[in-house]
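Notes follow once the structure below has been shown.
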Amino acid sequence: MEIYEGMKFTKEHEWAREEGGKVYIGISDYAQNALGDIVYVELPETGKKVKAGDPISVVESVKTASDIYSPVSGTVSGVNEALADSPELLNEDPYENYIAVIDPDDLSELEDLMDEEEYREFCSREE
Amino acid sequence: MAKLIFEMSKPGRTAYSLPRCDVETCGSDVLIPEKYRRKKDAELPEVSETDVIRHFTELSRMNHGVDTGFYPLGSCTMKYNPKVNEDIAGMDGFRAVHPLQDDETAQGCIRILYEMDRMLSEITGMDRFSLQPAAGAHGELAGLLVIRAYHAHRGDTGRNKIIVPDSAHGTNPASAAMAGFEIIEVKSDERGGVDLEELKAAVGPDTAGLMLTNPNTLGLFDENIKEIADIVHDAGGLLYYDGANANAIIGVCRPGDMGFDVVHLNLHKTFSTPHGGGGPGSGPVGVKKELEPFLPVPLAEYDGKQYRLDYDRPLSIGRVRSFYGNFGVILRAYAYIRTMGPDGLRKVAENAVLNANYLMHRLKGHFDLPYDRTCMHEFVLSYGRHKETGVRTLDIAKMLLDYGFHPPTVYFPLIVSEALMIEPTETESLETLDLFADTLISIADEAERDPEKVRTAPHRAYTSRLDEVRAARNPVLVYVDEDTAE
C-alpha cells in the first residue's frame, strides 16, 4: 500500500494534506481499491461550509456509491475539475489526485487524524 | 449479441396491410396544429411480422426470471408469482373498469381496496393502510411525510432528523432526504443489530424517527427491537418499518406489536406480484391510529351498505399518485392473501426462513459467514479468499450465469466486504437448493484451481462479460442510425 508522507488519514479512508494553509482532501489507496473502478465523482460546490465529518462528495463505482466526509471544518475553496470527466484518476493515483480543497477554520483539527503509520496499522486491522 | 430491431429495418417492409378506408379521411395537417407537428418522420423500424415475433421471442429467451430459473437475489424476494393471480386480474369486471367511473358503479373494485386495507392492517398490526404508493421507496416517502405532518400538527417543529442504521437499504436515507430530513447513521453492533449505545447517543428532541428493516439486510432479526422502540419513543420520535424483508415474518409476528408506528409493505416482494422488469410495484403504507388522519387520499370506506372513496380528510398529506395506486398489482396481492389464508402466510415465512438456513449451513464452510447466527429469510456471505486467488465476488456472480442461475445480490449490505446476499424464498425445492449450493461450492473450488477461468466468466451465457465500467462512464442511451444521422 502506497502512502505519501505527511498525509493524515480518517477512519473513513479519506486523506488530508496541508499546503500553504489550505487542506487538500482525497481518498486513500485502500479506499479506491475497495471501491473498484470509479465511474463518477460528485464534486462539492465551491464556497460550501462544512464541519469535520460532514459528507462533502460522493464517489460512485460499479459496485457502490460512497459518501466522502470532510476531515476538517472550513469552506470549500476549490475542487479537482479533472475528476468530472476522468473519475478513473482516483483509481490511477489516489494521492496525486485530490477531490477538494478546504480553507480550514482550525488547522489543529488535522492533529486528531491518523498519521501514516497509524493508518497502515488501522487498515491491516480492517482486513 | 442480438441485433436491435432498428438494424433489421428494410424500406417499405410492413407487418400488416389494412383494407381501404371506406370513410372520408383527412391528414394530420388538418387535425393537429402546426406547432405540435413533427418536422420530419419518426424513424421507426420497417419490419415484417415474422421479424417482430422472432426478435422479441429471442429477447425473451435471453431473459432470466422466476419462471425460468432460481433467482436468489437477496432483499428482493424474487418469489414465484402464482398464475391464478393473473386470471383474477384479467377478469372483465376489473379489467374493463374506468378510473373515472362513479363509486356506485365500481363497488367491487373499491371493496377490494377496502378489504386489502383491513387485511394488511391485520397482518402488520397497524390500524389503517393507504394503498396509493407505487413502490417501496414511494411508500417510504409517503410514510416519512406522514411522520413530518404528525409532528408539525402537534406543533413539535424541531424534529428534523431521521436515524438510519448502517445496514439500511440505500432508499431509507434517500427517502428521508427527499422528505426534507437530515440523516443520522448509527452503526451495527457485533451481532449485526442496532448498537443501542450509539442509538441512545443519537436520539434527542430533534429526532423525528428511526427507520428500521427487521429482519435487517444481514437477514438477522434484531432481538432488541422492544428496547430500540422504547429509546426512540422516549425521545419523542416514531418508528418506521421498512417492509422489504416482511417475507420473513408474515403470519408469525407483527411490526405493530414490536412498537412500529408506520409500515410500508412491498406487495411485489412479500405478496407475490411480478417485479424486476415484470411489472410495476406497489408500496402500501400503514400507520397506527394517531397517524391515520395524515395518510394520503383517497381511502376506501364502507358504511355497511356502500363502498366509497373518501377524499374529505383535511389533515391528509394529499395525493401521492394518480387514481388509486397500482390497482392491478393490489388486486393480484389480494388474490394471493385470499389464496394463502393466515396459516398459508405463516408457512410462507417459515419455509422462507428454513430454506435460507439450509443454504447457509450448506455454504458456510466454503465461504466466510461474518455474522454466524440463525438467519431469517436471507443471509450474507463474504468471499474472503480474494487476496489469495485474485477472484472477487463479482467474478463468482458472473460464473453463476454459466450454470443458469441468477446471481445473488452482491456488495450489499455495505458493512460486509465482498458480500453475497442470498435469499432463496419459500417456493424452491430441496433439489434446487442443493443444486445451487453444489454449484457455488464448485465455483469456489474452481477459483482455487483456475482463477483465470472464474475471473473471465461467464463463458457459456448469451454474452461474454459486459464492460460495466465503460457502460457507466460512457453510457449510450439513444439509438442513432449512423447512415441517416445528420
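We label chains A, B, ... in the order they appear in the C-alpha cells, count residues from 1 in each chain, and number ligands from 1 in the order shown.
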Counting only C-alpha atoms, a student should be able to say which residues of chain B come within 8 Å of chain A; what is the right answer, written as an MDAnalysis selection string? chainID B and resid 411 468:469 472:473
Non-local contacts of Leu400 (chain B) (8 Å; only C-alpha atoms; under 6 positions in same chain excluded) as a PyMOL selection string: chain B and resi 406-407+439-440+443+458
Based on the backbone DSSP call, show me all residues of region 8-122 of chain A assigned helix (DSSP H, G or I), as an MDAnalysis selection string. chainID A and resid 29:35 82:85 89:92 107:112 116:122
Can those selected residues be exported to a file as a JSON list (two decimals), in the first residue's frame so that it contains C-alpha atoms?
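Wrote it out as selection26.json, contents follow:
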[["chain", "number", "residue", "atom", "x", "y", "z"],
["A", 29, "ASP", "CA", -5.32, 3.80, -1.96],
["A", 30, "TYR", "CA", -7.14, 1.35, 0.33],
["A", 31, "ALA", "CA", -10.43, 3.14, -0.41],
["A", 32, "GLN", "CA", -10.02, 3.19, -4.20],
["A", 33, "ASN", "CA", -9.06, -0.47, -4.15],
["A", 34, "ALA", "CA", -12.10, -1.40, -2.07],
["A", 35, "LEU", "CA", -14.43, 0.66, -4.27],
["A", 82, "ALA", "CA", -10.48, 16.96, -13.89],
["A", 83, "LEU", "CA", -12.44, 14.31, -11.97],
["A", 84, "ALA", "CA", -15.69, 15.35, -13.65],
["A", 85, "ASP", "CA", -14.52, 13.91, -16.97],
["A", 89, "LEU", "CA", -7.86, 9.34, -11.94],
["A", 90, "LEU", "CA", -8.80, 8.37, -8.36],
["A", 91, "ASN", "CA", -8.01, 4.74, -9.21],
["A", 92, "GLU", "CA", -4.84, 5.57, -11.09],
["A", 107, "LEU", "CA", -5.74, 23.60, 11.22],
["A", 108, "SER", "CA", -5.21, 21.85, 14.55],
["A", 109, "GLU", "CA", -8.13, 19.54, 13.68],
["A", 110, "LEU", "CA", -5.63, 17.67, 11.49],
["A", 111, "GLU", "CA", -3.83, 16.57, 14.63],
["A", 112, "ASP", "CA", -6.80, 14.40, 15.60],
["A", 116, "GLU", "CA", 0.80, 7.24, 8.04],
["A", 117, "GLU", "CA", 1.95, 4.58, 10.46],
["A", 118, "GLU", "CA", -1.30, 4.59, 12.45],
["A", 119, "TYR", "CA", -3.29, 4.37, 9.24],
["A", 120, "ARG", "CA", -1.31, 1.37, 7.96],
["A", 121, "GLU", "CA", -1.99, -0.31, 11.28],
["A", 122, "PHE", "CA", -5.70, 0.64, 11.06]]
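Those residues that approach Arg111 (chain B) to within 10 Å, counting only C-alpha atoms, are Ala106, Gln107, Gly108, Tyr114, Glu115, Met116, Asp117, Ala300, Glu301, Tyr302, Gln306, Tyr307, Arg308 and Leu309 of chain B; same-chain residues fewer than 3 positions away are not listed.
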Give me a file of those residues, with N, CA and C atoms, as a PDB file, in the first residue's frame.
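Produced file selection-v3.pdb, reproduced below:
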ATOM      1  N   ALA B 106     -68.505   1.063  -9.370  1.00  0.00           N
ATOM      2  CA  ALA B 106     -67.226   0.364  -9.231  1.00  0.00           C
ATOM      3  C   ALA B 106     -67.113  -0.232  -7.826  1.00  0.00           C
ATOM      4  N   GLN B 107     -68.239  -0.713  -7.321  1.00  0.00           N
ATOM      5  CA  GLN B 107     -68.284  -1.217  -5.947  1.00  0.00           C
ATOM      6  C   GLN B 107     -67.293  -2.360  -5.695  1.00  0.00           C
ATOM      7  N   GLY B 108     -67.170  -3.263  -6.673  1.00  0.00           N
ATOM      8  CA  GLY B 108     -66.274  -4.417  -6.496  1.00  0.00           C
ATOM      9  C   GLY B 108     -64.830  -3.982  -6.310  1.00  0.00           C
ATOM     10  N   TYR B 114     -60.813  -1.634   0.065  1.00  0.00           N
ATOM     11  CA  TYR B 114     -61.211  -1.578   1.470  1.00  0.00           C
ATOM     12  C   TYR B 114     -60.741  -2.828   2.225  1.00  0.00           C
ATOM     13  N   GLU B 115     -61.011  -3.981   1.629  1.00  0.00           N
ATOM     14  CA  GLU B 115     -60.644  -5.231   2.309  1.00  0.00           C
ATOM     15  C   GLU B 115     -59.126  -5.417   2.364  1.00  0.00           C
ATOM     16  N   MET B 116     -58.429  -4.918   1.330  1.00  0.00           N
ATOM     17  CA  MET B 116     -56.966  -5.012   1.337  1.00  0.00           C
ATOM     18  C   MET B 116     -56.396  -4.180   2.479  1.00  0.00           C
ATOM     19  N   ASP B 117     -56.941  -3.002   2.674  1.00  0.00           N
ATOM     20  CA  ASP B 117     -56.550  -2.149   3.802  1.00  0.00           C
ATOM     21  C   ASP B 117     -56.735  -2.910   5.120  1.00  0.00           C
ATOM     22  N   ALA B 300     -60.417   4.016   1.101  1.00  0.00           N
ATOM     23  CA  ALA B 300     -61.687   3.340   0.811  1.00  0.00           C
ATOM     24  C   ALA B 300     -62.472   3.192   2.111  1.00  0.00           C
ATOM     25  N   GLU B 301     -63.759   3.563   2.065  1.00  0.00           N
ATOM     26  CA  GLU B 301     -64.618   3.469   3.254  1.00  0.00           C
ATOM     27  C   GLU B 301     -65.820   2.577   2.959  1.00  0.00           C
ATOM     28  N   TYR B 302     -66.430   2.034   4.019  1.00  0.00           N
ATOM     29  CA  TYR B 302     -67.618   1.185   3.884  1.00  0.00           C
ATOM     30  C   TYR B 302     -68.570   1.517   5.031  1.00  0.00           C
ATOM     31  N   GLN B 306     -72.609   0.614   1.326  1.00  0.00           N
ATOM     32  CA  GLN B 306     -71.925   1.085   0.120  1.00  0.00           C
ATOM     33  C   GLN B 306     -70.428   1.299   0.395  1.00  0.00           C
ATOM     34  N   TYR B 307     -69.628   0.983  -0.628  1.00  0.00           N
ATOM     35  CA  TYR B 307     -68.202   1.330  -0.576  1.00  0.00           C
ATOM     36  C   TYR B 307     -68.019   2.669  -1.268  1.00  0.00           C
ATOM     37  N   ARG B 308     -67.105   3.498  -0.731  1.00  0.00           N
ATOM     38  CA  ARG B 308     -66.845   4.773  -1.404  1.00  0.00           C
ATOM     39  C   ARG B 308     -65.395   5.203  -1.144  1.00  0.00           C
ATOM     40  N   LEU B 309     -64.931   6.114  -1.992  1.00  0.00           N
ATOM     41  CA  LEU B 309     -63.581   6.651  -1.841  1.00  0.00           C
ATOM     42  C   LEU B 309     -63.676   7.985  -1.108  1.00  0.00           C
TER      43      LEU B 309
END
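Considering only region 212-387 of chain B, backbone DSSP assigns strand (DSSP E or B) to Leu212, Leu238, Leu239, Tyr240, Tyr241, Asp242, Gly243, Val262, Val263, His264, Leu265, Val285, Gly286, Val287, Leu299, Ala300, Glu301, Tyr302, Tyr307, Arg308, Leu309, Asp310, Phe323, Gly325, Asp368, Phe379, Val380, Leu381 and Ser382 of chain B.
Interatomic distance, CA of His361 (chain B) against CA of Gly344 (chain B): 25.6 Å.
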Near Ile102 (chain A), within 9 Å and counting only C-alpha atoms, which residues show up once chain neighbours fewer than 4 positions away are dropped, as a list in words?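 Residues near the query, excluding close chain neighbours: Lys22, Val23, Tyr24, Ile25, Val50, Ser70, Val72, Ser73, Gly74, Thr75, Val76, Ser77, Gly78 and Val79 of chain A.
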Measuring atom to atom with only C-alpha atoms, identify which of A:Gly47, A:Gly26, A:Pro55, A:Pro104 is nearest to Asn80 (chain A). A:Gly26
At what distance in Å, to one decimal, does CA of Pro296 (chain B) lie from CA of Gly236 (chain B)? 23.1 Å
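When only C-alpha atoms are used to compute distances to Pro99 (chain B), the closest of the residues B:Thr50, B:Phe327, B:Ala235, B:Pro11 turns out to be B:Phe327.
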If I take CA of Leu196 (chain B) and CA of Pro413 (chain B), how far is one from the other in Å, to one decimal?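 If I compute the distance from CA of Leu196 (chain B) to CA of Pro413 (chain B), I get 19.8 Å.
Near Tyr311 (chain B), within 12 Å and counting only C-alpha atoms, sit Pro293, Phe294, Leu295, Pro296, Val297, Pro298, Leu299, Ala300, Glu301, Ile317, Gly318, Arg319, Phe323 and Tyr324 of chain B; same-chain residues fewer than 6 positions away were not included.
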With N, CA and C atoms retained, write the just-selected residues as a short mmCIF file (atom, residue, chain, number, x, y, z; two decimals), in the first residue's frame.
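Output saved as out.cif:
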data_model
loop_
_atom_site.label_atom_id
_atom_site.label_comp_id
_atom_site.auth_asym_id
_atom_site.auth_seq_id
_atom_site.Cartn_x
_atom_site.Cartn_y
_atom_site.Cartn_z
N PRO B 293 -55.01 10.32 10.38
CA PRO B 293 -55.53 11.50 9.65
C PRO B 293 -54.60 12.02 8.58
N PHE B 294 -53.30 11.63 8.65
CA PHE B 294 -52.31 12.23 7.75
C PHE B 294 -52.06 11.38 6.50
N LEU B 295 -52.64 10.18 6.44
CA LEU B 295 -52.43 9.29 5.29
C LEU B 295 -52.85 9.96 3.98
N PRO B 296 -52.22 9.54 2.87
CA PRO B 296 -52.61 10.10 1.56
C PRO B 296 -54.07 9.78 1.24
N VAL B 297 -54.70 10.62 0.45
CA VAL B 297 -56.05 10.37 -0.04
C VAL B 297 -55.98 9.74 -1.43
N PRO B 298 -57.05 9.01 -1.84
CA PRO B 298 -58.26 8.69 -1.07
C PRO B 298 -58.09 7.41 -0.27
N LEU B 299 -58.91 7.23 0.77
CA LEU B 299 -59.01 5.96 1.47
C LEU B 299 -60.36 5.34 1.13
N ALA B 300 -60.42 4.02 1.10
CA ALA B 300 -61.69 3.34 0.81
C ALA B 300 -62.47 3.19 2.11
N GLU B 301 -63.76 3.56 2.07
CA GLU B 301 -64.62 3.47 3.25
C GLU B 301 -65.82 2.58 2.96
N ILE B 317 -51.74 14.29 3.94
CA ILE B 317 -50.61 14.87 3.19
C ILE B 317 -51.00 15.06 1.72
N GLY B 318 -52.18 14.59 1.34
CA GLY B 318 -52.67 14.81 -0.03
C GLY B 318 -52.50 13.59 -0.90
N ARG B 319 -52.53 13.83 -2.18
CA ARG B 319 -52.35 12.72 -3.13
C ARG B 319 -50.88 12.45 -3.30
N PHE B 323 -55.10 8.51 -9.42
CA PHE B 323 -56.11 7.47 -9.22
C PHE B 323 -55.89 6.67 -7.93
N TYR B 324 -55.78 5.33 -8.02
CA TYR B 324 -55.88 4.51 -6.79
C TYR B 324 -54.68 3.60 -6.59
#
Set the distance at 9 Å and use only C-alpha atoms: which residues neighbour Lys347 (chain B) once local chain neighbours fewer than 5 positions away are removed? I'd like the list as a list in words. Ile250, Gly251, Val252, Pro342, Ala352 and Glu426 of chain B
Selected residues written out, C-alpha atoms, as a CSV table (one decimal), in the first residue's frame:
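Saved file result_4.csv follows:
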chain,number,residue,atom,x,y,z
B,250,ILE,CA,-45.7,-12.6,7.9
B,251,GLY,CA,-48.1,-14.6,10.0
B,252,VAL,CA,-45.5,-15.1,12.7
B,342,PRO,CA,-53.5,-16.9,7.6
B,352,ALA,CA,-38.5,-18.9,3.5
B,426,GLU,CA,-40.1,-20.3,0.2
